[in-house]
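Here's my_file12.tsv, which has TSV, C-alpha atoms:
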chain	number	residue	atom	x	y	z
A	9	MET	CA	42.06	-80.33	184.28
A	10	SER	CA	39.62	-77.74	185.55
A	11	PHE	CA	35.92	-77.09	184.95
A	12	VAL	CA	34.40	-74.44	182.70
A	13	SER	CA	30.90	-73.30	181.81
A	14	PHE	CA	30.15	-72.12	178.28
A	15	GLU	CA	27.42	-71.53	175.73
A	16	ILE	CA	27.41	-73.45	172.48
A	17	ALA	CA	24.77	-73.31	169.72
A	18	GLY	CA	22.60	-71.15	171.96
A	19	GLN	CA	22.62	-73.66	174.82
A	20	GLN	CA	24.44	-73.51	178.14
A	21	SER	CA	26.81	-76.37	178.84
A	22	TYR	CA	29.97	-77.16	180.78
A	23	GLY	CA	33.05	-79.31	180.63
A	24	LEU	CA	36.79	-79.32	181.17
A	25	TRP	CA	39.35	-76.65	180.34
A	26	LYS	CA	42.10	-77.95	178.06
A	27	ASP	CA	43.76	-74.66	177.16
A	28	GLU	CA	42.84	-71.08	176.28
A	29	GLY	CA	40.95	-71.96	173.11
A	30	ASN	CA	40.00	-75.59	173.65
A	31	TRP	CA	37.54	-77.22	176.04
A	32	ILE	CA	35.90	-80.65	176.33
A	33	GLN	CA	32.11	-80.78	176.61
A	34	VAL	CA	30.25	-83.04	179.02
A	35	PRO	CA	28.33	-85.89	177.32
A	36	GLN	CA	24.72	-84.96	176.62
A	37	ALA	CA	23.24	-87.83	178.64
A	38	PHE	CA	25.10	-86.67	181.76
A	39	GLN	CA	24.02	-83.08	181.24
A	40	VAL	CA	20.37	-84.14	180.99
A	41	GLU	CA	20.64	-85.40	184.58
A	42	TYR	CA	22.95	-82.61	185.76
A	43	PRO	CA	22.13	-79.53	183.67
A	44	ASP	CA	24.85	-77.23	184.99
A	45	LEU	CA	28.07	-77.27	186.95
A	46	LYS	CA	26.28	-76.22	190.15
A	47	SER	CA	24.12	-79.34	190.01
A	48	VAL	CA	27.20	-81.52	189.52
A	49	ILE	CA	28.78	-79.93	192.60
A	50	ALA	CA	25.59	-80.39	194.63
A	51	ALA	CA	25.42	-84.08	193.69
A	52	LYS	CA	29.10	-84.57	194.62
A	53	LYS	CA	29.74	-85.82	191.08
A	54	LEU	CA	32.79	-83.76	190.07
A	55	ASP	CA	35.14	-86.76	189.97
A	56	GLU	CA	32.64	-88.89	188.05
A	57	CYS	CA	31.95	-86.02	185.67
A	58	GLU	CA	35.64	-85.44	185.01
A	59	ALA	CA	36.27	-89.15	184.32
A	60	LEU	CA	33.32	-89.33	181.92
A	61	ILE	CA	34.38	-86.21	180.04
A	62	ARG	CA	37.89	-87.57	179.66
A	63	GLN	CA	36.48	-90.80	178.23
A	64	ILE	CA	33.81	-89.60	175.81
A	65	GLY	CA	33.66	-85.80	175.99
A	66	LYS	CA	33.37	-83.75	172.82
A	67	ALA	CA	36.09	-81.29	171.82
A	68	VAL	CA	34.92	-77.67	171.67
A	69	THR	CA	36.88	-74.65	170.47
A	70	ALA	CA	36.53	-70.98	171.32
A	71	SER	CA	35.37	-70.40	167.75
A	72	GLN	CA	32.34	-72.62	168.43
A	73	ALA	CA	31.43	-71.45	171.92
A	74	HIS	CA	31.99	-68.68	174.42
A	75	LEU	CA	32.73	-68.98	178.10
A	76	LEU	CA	30.26	-68.11	180.84
A	77	PRO	CA	31.07	-67.24	184.44
A	78	VAL	CA	32.38	-70.56	185.74
A	79	ILE	CA	29.31	-70.74	188.01
A	80	PRO	CA	26.69	-68.87	185.97
A	81	ASN	CA	23.88	-69.24	188.49
A	82	PRO	CA	25.11	-69.10	192.09
A	83	SER	CA	22.38	-68.82	194.71
A	84	LYS	CA	24.52	-66.44	196.74
A	85	ILE	CA	27.65	-64.37	196.12
A	86	PHE	CA	29.44	-63.11	199.22
A	87	CYS	CA	32.24	-60.57	199.02
A	88	ILE	CA	34.72	-59.87	201.79
A	89	GLY	CA	35.92	-56.28	202.09
A	90	LEU	CA	39.17	-55.01	203.57
A	91	ASN	CA	40.79	-58.43	203.88
A	92	TYR	CA	44.44	-57.59	203.14
A	93	LYS	CA	46.50	-55.34	205.42
A	94	SER	CA	47.85	-53.50	202.37
A	95	HIS	CA	44.32	-52.58	201.27
A	96	VAL	CA	43.21	-51.61	204.79
A	97	ALA	CA	46.25	-49.32	205.00
A	98	GLU	CA	45.59	-47.57	201.68
A	99	THR	CA	41.93	-46.98	202.58
A	100	LYS	CA	43.00	-45.56	206.00
A	101	ARG	CA	40.38	-47.67	207.75
A	102	THR	CA	40.80	-49.37	211.09
A	103	ASP	CA	40.90	-53.12	211.63
A	104	SER	CA	37.61	-54.84	212.35
A	105	GLU	CA	36.87	-57.67	214.73
A	106	TYR	CA	34.69	-59.41	212.14
A	107	PRO	CA	34.84	-59.76	208.34
A	108	SER	CA	33.20	-56.99	206.33
A	109	ILE	CA	30.52	-58.59	204.15
A	110	PHE	CA	28.59	-57.38	201.13
A	111	THR	CA	26.77	-59.26	198.40
A	112	ARG	CA	26.60	-59.38	194.64
A	113	PHE	CA	23.79	-60.55	192.38
A	114	ALA	CA	24.25	-63.32	189.82
A	115	ASP	CA	23.55	-60.98	186.89
A	116	SER	CA	26.54	-58.85	187.94
A	117	LEU	CA	28.87	-61.68	186.88
A	118	THR	CA	30.56	-62.04	183.51
A	119	ALA	CA	33.08	-64.37	181.92
A	120	HIS	CA	36.72	-64.55	180.93
A	121	ASN	CA	37.31	-62.77	177.60
A	122	ALA	CA	33.86	-61.15	177.73
A	123	PRO	CA	33.65	-57.36	177.41
A	124	LEU	CA	33.76	-55.66	180.81
A	125	PRO	CA	31.23	-52.81	180.49
A	126	CYS	CA	32.12	-49.56	182.22
A	127	PRO	CA	28.80	-48.25	183.57
A	128	LYS	CA	27.84	-44.96	181.94
A	129	GLU	CA	26.71	-43.78	185.37
A	130	THR	CA	30.28	-43.59	186.71
A	131	GLN	CA	33.65	-42.09	185.85
A	132	ARG	CA	35.36	-44.09	188.62
A	133	PHE	CA	35.33	-47.71	187.48
A	134	ASP	CA	37.93	-49.63	189.45
A	135	PHE	CA	39.45	-53.12	189.48
A	136	GLU	CA	39.86	-55.50	192.42
A	137	GLY	CA	41.63	-58.80	191.78
A	138	GLU	CA	40.49	-61.52	194.18
A	139	LEU	CA	40.54	-65.24	194.92
A	140	ALA	CA	37.05	-66.73	194.65
A	141	VAL	CA	35.98	-69.82	196.58
A	142	ILE	CA	33.19	-72.05	195.25
A	143	ILE	CA	31.26	-73.93	197.92
A	144	GLY	CA	30.89	-77.68	197.44
A	145	LYS	CA	29.10	-79.13	200.45
A	146	GLY	CA	26.59	-76.76	201.98
A	147	GLY	CA	25.76	-76.30	205.62
A	148	ARG	CA	25.23	-74.10	208.65
A	149	ASN	CA	27.58	-73.47	211.56
A	150	ILE	CA	30.57	-74.96	209.78
A	151	THR	CA	33.62	-74.98	212.03
A	152	GLN	CA	37.02	-73.76	210.92
A	153	ALA	CA	38.32	-77.32	211.17
A	154	GLN	CA	35.62	-78.46	208.71
A	155	ALA	CA	35.86	-75.52	206.31
A	156	PHE	CA	38.07	-76.97	203.59
A	157	ASP	CA	35.79	-80.03	203.36
A	158	HIS	CA	33.08	-77.64	202.14
A	159	ILE	CA	35.09	-76.13	199.26
A	160	ALA	CA	34.58	-77.47	195.72
A	161	GLY	CA	37.19	-75.28	194.08
A	162	TYR	CA	38.71	-71.90	193.35
A	163	ALA	CA	38.71	-69.30	190.57
A	164	CYS	CA	39.93	-65.81	189.75
A	165	PHE	CA	37.56	-62.90	190.31
A	166	ASN	CA	37.59	-59.21	189.46
A	167	ASP	CA	35.29	-57.15	191.65
A	168	GLY	CA	34.70	-54.31	189.19
A	169	THR	CA	33.49	-51.35	191.24
A	170	ALA	CA	31.82	-48.00	190.58
A	171	ARG	CA	33.57	-46.16	193.41
A	172	ASP	CA	31.22	-43.17	193.55
A	173	TRP	CA	28.15	-45.43	193.80
A	174	GLN	CA	29.96	-47.51	196.42
A	175	ARG	CA	30.24	-44.41	198.60
A	176	HIS	CA	26.73	-42.99	198.24
A	177	THR	CA	26.05	-44.45	201.71
A	178	HIS	CA	27.77	-46.81	204.12
A	179	GLN	CA	26.27	-49.71	202.16
A	180	TRP	CA	28.58	-50.74	199.31
A	181	ILE	CA	26.11	-52.84	197.32
A	182	PRO	CA	25.16	-50.23	194.65
A	183	GLY	CA	28.75	-49.79	193.52
A	184	LYS	CA	29.30	-53.52	193.29
A	185	ASN	CA	26.29	-54.69	191.29
A	186	PHE	CA	26.19	-52.99	187.92
A	187	PRO	CA	25.42	-55.68	185.31
A	188	LEU	CA	28.33	-57.78	184.03
A	189	THR	CA	30.98	-56.01	186.13
A	190	GLY	CA	32.27	-59.07	188.02
A	191	PRO	CA	34.34	-61.41	185.84
A	192	LEU	CA	34.63	-64.93	187.32
A	193	GLY	CA	36.86	-67.56	185.70
A	194	PRO	CA	38.34	-68.56	183.38
A	195	PHE	CA	37.83	-71.94	185.08
A	196	MET	CA	37.32	-73.57	188.46
A	197	ALA	CA	40.27	-75.59	189.72
A	198	THR	CA	39.00	-78.24	192.11
A	199	SER	CA	40.18	-78.21	195.69
A	200	LYS	CA	42.24	-81.35	195.12
A	201	GLU	CA	44.26	-79.42	192.52
A	202	ILE	CA	45.02	-76.64	195.03
A	203	PRO	CA	46.20	-78.42	198.19
A	204	ASP	CA	47.52	-75.26	199.88
A	205	VAL	CA	45.84	-71.93	199.11
A	206	ASN	CA	48.48	-70.10	201.15
A	207	LYS	CA	50.99	-70.84	198.40
A	208	LEU	CA	48.94	-68.97	195.81
A	209	THR	CA	50.03	-65.57	194.50
A	210	LEU	CA	47.56	-63.04	193.09
A	211	GLU	CA	48.52	-60.41	190.52
A	212	SER	CA	46.37	-57.81	188.75
A	213	ARG	CA	47.64	-56.04	185.63
A	214	LEU	CA	46.13	-53.07	183.82
A	215	ASN	CA	47.35	-52.79	180.23
A	216	GLY	CA	50.26	-55.05	181.17
A	217	GLU	CA	51.39	-52.99	184.17
A	218	VAL	CA	51.30	-54.69	187.56
A	219	MET	CA	48.79	-52.99	189.85
A	220	GLN	CA	48.39	-55.57	192.62
A	221	HIS	CA	50.68	-58.37	193.78
A	222	ALA	CA	50.14	-60.35	196.98
A	223	SER	CA	50.21	-63.78	198.54
A	224	VAL	CA	46.91	-65.33	199.56
A	225	ALA	CA	48.70	-66.10	202.83
A	226	ASP	CA	48.35	-62.38	203.59
A	227	LEU	CA	44.57	-62.61	204.05
A	228	ILE	CA	43.49	-61.10	207.38
A	229	TYR	CA	40.48	-63.41	207.64
A	230	THR	CA	41.47	-66.85	206.38
A	231	LEU	CA	39.15	-69.07	204.38
A	232	PRO	CA	38.19	-71.16	207.44
A	233	VAL	CA	37.37	-67.99	209.40
A	234	ILE	CA	35.25	-66.64	206.52
A	235	ILE	CA	33.34	-69.89	206.03
A	236	GLU	CA	32.70	-70.28	209.75
A	237	TYR	CA	31.43	-66.69	209.98
A	238	LEU	CA	29.19	-66.82	206.89
A	239	SER	CA	27.68	-70.16	207.84
A	240	GLY	CA	27.00	-68.77	211.29
A	241	PHE	CA	24.23	-66.51	209.95
A	242	THR	CA	23.08	-68.23	206.74
A	243	ASN	CA	23.08	-71.57	205.00
A	244	LEU	CA	25.90	-72.03	202.51
A	245	SER	CA	24.78	-73.90	199.39
A	246	PRO	CA	26.64	-75.79	196.68
A	247	GLY	CA	27.79	-73.36	194.01
A	248	ASP	CA	27.77	-70.32	196.27
A	249	VAL	CA	30.68	-68.00	195.52
A	250	ILE	CA	32.83	-66.22	198.10
A	251	ALA	CA	35.13	-63.45	196.83
A	252	THR	CA	37.78	-63.26	199.53
A	253	GLY	CA	38.97	-59.66	199.23
A	254	THR	CA	41.48	-57.59	197.29
A	255	PRO	CA	45.03	-56.53	198.18
A	256	GLY	CA	46.43	-53.01	198.03
A	257	GLY	CA	47.03	-51.30	194.71
A	258	VAL	CA	43.50	-50.54	193.56
A	259	GLY	CA	43.19	-47.63	191.17
A	260	ASP	CA	41.06	-45.51	193.47
A	261	ARG	CA	43.84	-45.21	196.06
A	262	ARG	CA	46.64	-44.30	193.69
A	263	GLU	CA	48.06	-40.80	193.29
A	264	PRO	CA	46.58	-39.72	190.98
A	265	PRO	CA	43.69	-42.22	190.88
A	266	LEU	CA	43.73	-44.64	187.96
A	267	TYR	CA	40.35	-45.89	186.77
A	268	MET	CA	39.48	-48.30	183.98
A	269	LYS	CA	38.20	-46.95	180.68
A	270	ALA	CA	37.04	-48.37	177.38
A	271	GLY	CA	39.86	-50.18	175.57
A	272	ASP	CA	41.80	-51.05	178.73
A	273	VAL	CA	42.84	-54.65	179.30
A	274	ILE	CA	42.52	-55.88	182.87
A	275	GLU	CA	43.98	-59.23	183.93
A	276	VAL	CA	43.82	-61.13	187.22
A	277	GLU	CA	46.25	-64.03	187.49
A	278	ILE	CA	46.44	-66.49	190.40
A	279	THR	CA	48.83	-69.40	190.69
A	280	GLY	CA	47.17	-72.53	189.33
A	281	LEU	CA	43.96	-70.70	188.43
A	282	GLY	CA	44.96	-69.20	185.11
A	283	THR	CA	44.57	-65.61	183.97
A	284	LEU	CA	41.18	-63.90	183.92
A	285	ARG	CA	41.30	-61.36	181.09
A	286	ASN	CA	38.76	-58.75	180.02
A	287	VAL	CA	38.73	-55.73	177.75
A	288	VAL	CA	36.81	-52.77	179.15
A	289	SER	CA	34.00	-51.47	176.97
A	290	ASN	CA	31.41	-48.73	177.18
A	291	ALA	CA	28.15	-50.04	178.61
A	292	ALA	CA	25.22	-50.02	176.22
Would you encode the structure as structure tokens?
Amino acid sequence: MSFVSFEIAGQQSYGLWKDEGNWIQVPQAFQVEYPDLKSVIAAKKLDECEALIRQIGKAVTASQAHLLPVIPNPSKIFCIGLNYKSHVAETKRTDSEYPSIFTRFADSLTAHNAPLPCPKETQRFDFEGELAVIIGKGGRNITQAQAFDHIAGYACFNDGTARDWQRHTHQWIPGKNFPLTGPLGPFMATSKEIPDVNKLTLESRLNGEVMQHASVADLIYTLPVIIEYLSGFTNLSPGDVIATGTPGGVGDRREPPLYMKAGDVIEVEITGLGTLRNVVSNAA
């Protein structure tokens, strides 16, 4: 099983994913000591937590609770730009010696099945299906050989982007941080469940039509390279999220461009990580 975060009776909680509408809640006594999934990861208690939930966890249905971003409160969210050859080609940019990095804020995240609000400030709201990495063991100057030992798990991510705001300057952050525009989920599969990330396939669908399809093996900068680079300039912490980049096929580079609008259904599916689904809405 895989881990989820959700809200039930007005309180945040977490547990295990059973299926689309059924989850198993962590026992209350364990949550008192470890209030959220990030704290479980930091304490290296995922295996203990899973075993306890299986033994005495409480069944929860989607009618009783709603999902949250699988890590609702990451300290840092790193995003890697231009990390598939197919996307570099469609943007007509040149290769770079180092990964292109930008950041998101925690309040830009949203959950599986939550409305995906199209910012009223843009008419160019685009999708970017990505593999997200959740850091388990923190550290600085992590070598490529050590990198996978620092990964707690993986999830689907959709880097919803206001393309015009992204291009106001050379800094992409404004276009990437409108509230609730970055769905993360539906669950986190632990690293032991995904022994070889290079065997994963990513697919994004807009209203059922395939927009993006790629193998994670096609990443220009692999996960070890990314983790080594990031930890070279900052401390990685448990629960930090790394969105590893999107393949070609984004709406902005199509002829004619194809942007998301209210009523659209956008899905990001990755082998072993489920399908992240959101319906686009008009932002309040």
Find the spatial neighbours of A:Met219, counting all atoms listed in the file, within a cut-off of 8 Å - ignore same-chain residues fewer than 5 positions away - and output them as number ranges by chain. A: 211-214, 257-259
Using 12 Å as the limit and counting only C-alpha atoms, can you tabulate each residue of stretch 27-47 of chain A that touches stretch 182-201 of chain A, with its shortest atom-to-atom distance in Å and the two atoms involved, as JSON lines?
{"residue": "A:Asp27", "atom": "CA", "partner": "A:Pro194", "partner_atom": "CA", "distance": 10.3}
{"residue": "A:Glu28", "atom": "CA", "partner": "A:Pro194", "partner_atom": "CA", "distance": 8.8}
{"residue": "A:Gly29", "atom": "CA", "partner": "A:Pro194", "partner_atom": "CA", "distance": 11.1}
{"residue": "A:Trp31", "atom": "CA", "partner": "A:Phe195", "partner_atom": "CA", "distance": 10.5}
{"residue": "A:Leu45", "atom": "CA", "partner": "A:Met196", "partner_atom": "CA", "distance": 10.1}
{"residue": "A:Lys46", "atom": "CA", "partner": "A:Met196", "partner_atom": "CA", "distance": 11.5}
Need the shell around A:Gln72: protein/DNA/RNA residues with any atom at most 10 Å away, counting all atoms listed in the file. Skip same-chain ones fewer than 5 positions apart. Format as a PyMOL selection string? chain A and resi 15-17+29-30
As a ChimeraX atom specification, please: the residues near A:Gly89 (cut-off 9 Å, all atoms listed in the file, same-chain neighbours under 6 positions excluded). /A:107-110,251-254
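Closest to A:Ser245 among A:Lys145, A:His95, A:Lys66, A:His120 is A:Lys145, based on all atoms listed in the file.
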Could you name the residues that touch stretch 147-149 of chain A at 12 Å or less, counting only C-alpha atoms, but leaving out those on the same chain fewer than 6 positions away, as a list in words?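 Non-adjacent residues within range: Ala50, Ala155, Asp157, His158, Ile159, Pro232, Val233, Ile234, Ile235, Glu236, Tyr237, Leu238, Ser239, Gly240, Phe241, Thr242, Asn243, Leu244, Ser245, Pro246 and Asp248 of chain A.
Counting only C-alpha atoms, the residue from A:Thr230, A:Ala270, A:Asp167, A:Gly280 that sits nearest to A:Pro203 is A:Gly280.
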Work out how far apart atom CA of A:Asp260 and atom CA of A:Ala170 are and give it in Å to one decimal. 10.0 Å
Of the candidates A:Val224, A:Ile181, A:Met268, A:Val276, which shows the shortest atom-to-atom distance to A:Thr209, using all atoms listed in the file?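 The answer is A:Val224, which sits nearest to A:Thr209.
The closest residue to A:Phe86, picked from A:Gly144, A:Pro43, A:Pro125, A:Gly247 and counting all atoms listed in the file, is A:Gly247.
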Restricting the calculation to all atoms listed in the file, which member of A:Asp204, A:Phe156, A:Glu263, A:Leu139 is positioned closest to A:Ile278? A:Leu139
N, CA and C atoms modelled onto stretch 72-95 of chain A, as a tab-separated table (two decimals), in the coordinates of the input:
chain	number	residue	atom	x	y	z
A	72	GLN	N	33.67	-72.02	168.42
A	72	GLN	CA	32.34	-72.62	168.43
A	72	GLN	C	31.49	-72.17	169.61
A	73	ALA	N	32.13	-71.74	170.67
A	73	ALA	CA	31.43	-71.45	171.92
A	73	ALA	C	32.08	-70.27	172.61
A	74	HIS	N	31.38	-69.72	173.60
A	74	HIS	CA	31.99	-68.68	174.42
A	74	HIS	C	31.79	-69.02	175.89
A	75	LEU	N	32.78	-68.66	176.68
A	75	LEU	CA	32.73	-68.98	178.10
A	75	LEU	C	31.65	-68.17	178.82
A	76	LEU	N	31.15	-68.77	179.89
A	76	LEU	CA	30.26	-68.11	180.84
A	76	LEU	C	31.01	-67.95	182.15
A	77	PRO	N	30.49	-67.17	183.10
A	77	PRO	CA	31.07	-67.24	184.44
A	77	PRO	C	31.13	-68.70	184.86
A	78	VAL	N	32.20	-69.12	185.51
A	78	VAL	CA	32.38	-70.56	185.74
A	78	VAL	C	31.20	-71.15	186.51
A	79	ILE	N	30.61	-70.40	187.42
A	79	ILE	CA	29.31	-70.74	188.01
A	79	ILE	C	28.34	-69.66	187.54
A	80	PRO	N	27.54	-69.93	186.52
A	80	PRO	CA	26.69	-68.87	185.97
A	80	PRO	C	25.51	-68.50	186.86
A	81	ASN	N	25.14	-69.41	187.75
A	81	ASN	CA	23.88	-69.24	188.49
A	81	ASN	C	24.03	-69.51	189.99
A	82	PRO	N	24.98	-68.86	190.65
A	82	PRO	CA	25.11	-69.10	192.09
A	82	PRO	C	23.88	-68.58	192.84
A	83	SER	N	23.49	-69.30	193.89
A	83	SER	CA	22.38	-68.82	194.71
A	83	SER	C	22.78	-67.59	195.50
A	84	LYS	N	24.04	-67.56	195.95
A	84	LYS	CA	24.52	-66.44	196.74
A	84	LYS	C	25.96	-66.12	196.35
A	85	ILE	N	26.27	-64.84	196.35
A	85	ILE	CA	27.65	-64.37	196.12
A	85	ILE	C	28.00	-63.47	197.30
A	86	PHE	N	28.96	-63.90	198.09
A	86	PHE	CA	29.44	-63.11	199.22
A	86	PHE	C	30.78	-62.49	198.85
A	87	CYS	N	30.97	-61.26	199.25
A	87	CYS	CA	32.24	-60.57	199.02
A	87	CYS	C	32.78	-60.08	200.35
A	88	ILE	N	34.07	-60.27	200.55
A	88	ILE	CA	34.72	-59.87	201.79
A	88	ILE	C	35.51	-58.59	201.52
A	89	GLY	N	35.20	-57.55	202.26
A	89	GLY	CA	35.92	-56.28	202.09
A	89	GLY	C	37.07	-56.16	203.06
A	90	LEU	N	38.08	-55.38	202.66
A	90	LEU	CA	39.17	-55.01	203.57
A	90	LEU	C	39.82	-56.24	204.21
A	91	ASN	N	40.28	-57.17	203.36
A	91	ASN	CA	40.79	-58.43	203.88
A	91	ASN	C	42.29	-58.62	203.65
A	92	TYR	N	42.98	-57.59	203.20
A	92	TYR	CA	44.44	-57.59	203.14
A	92	TYR	C	44.93	-56.34	203.87
A	93	LYS	N	45.96	-56.49	204.68
A	93	LYS	CA	46.50	-55.34	205.42
A	93	LYS	C	46.87	-54.20	204.48
A	94	SER	N	47.42	-54.54	203.31
A	94	SER	CA	47.85	-53.50	202.37
A	94	SER	C	46.67	-52.68	201.88
A	95	HIS	N	45.51	-53.32	201.72
A	95	HIS	CA	44.32	-52.58	201.27
A	95	HIS	C	43.70	-51.78	202.41
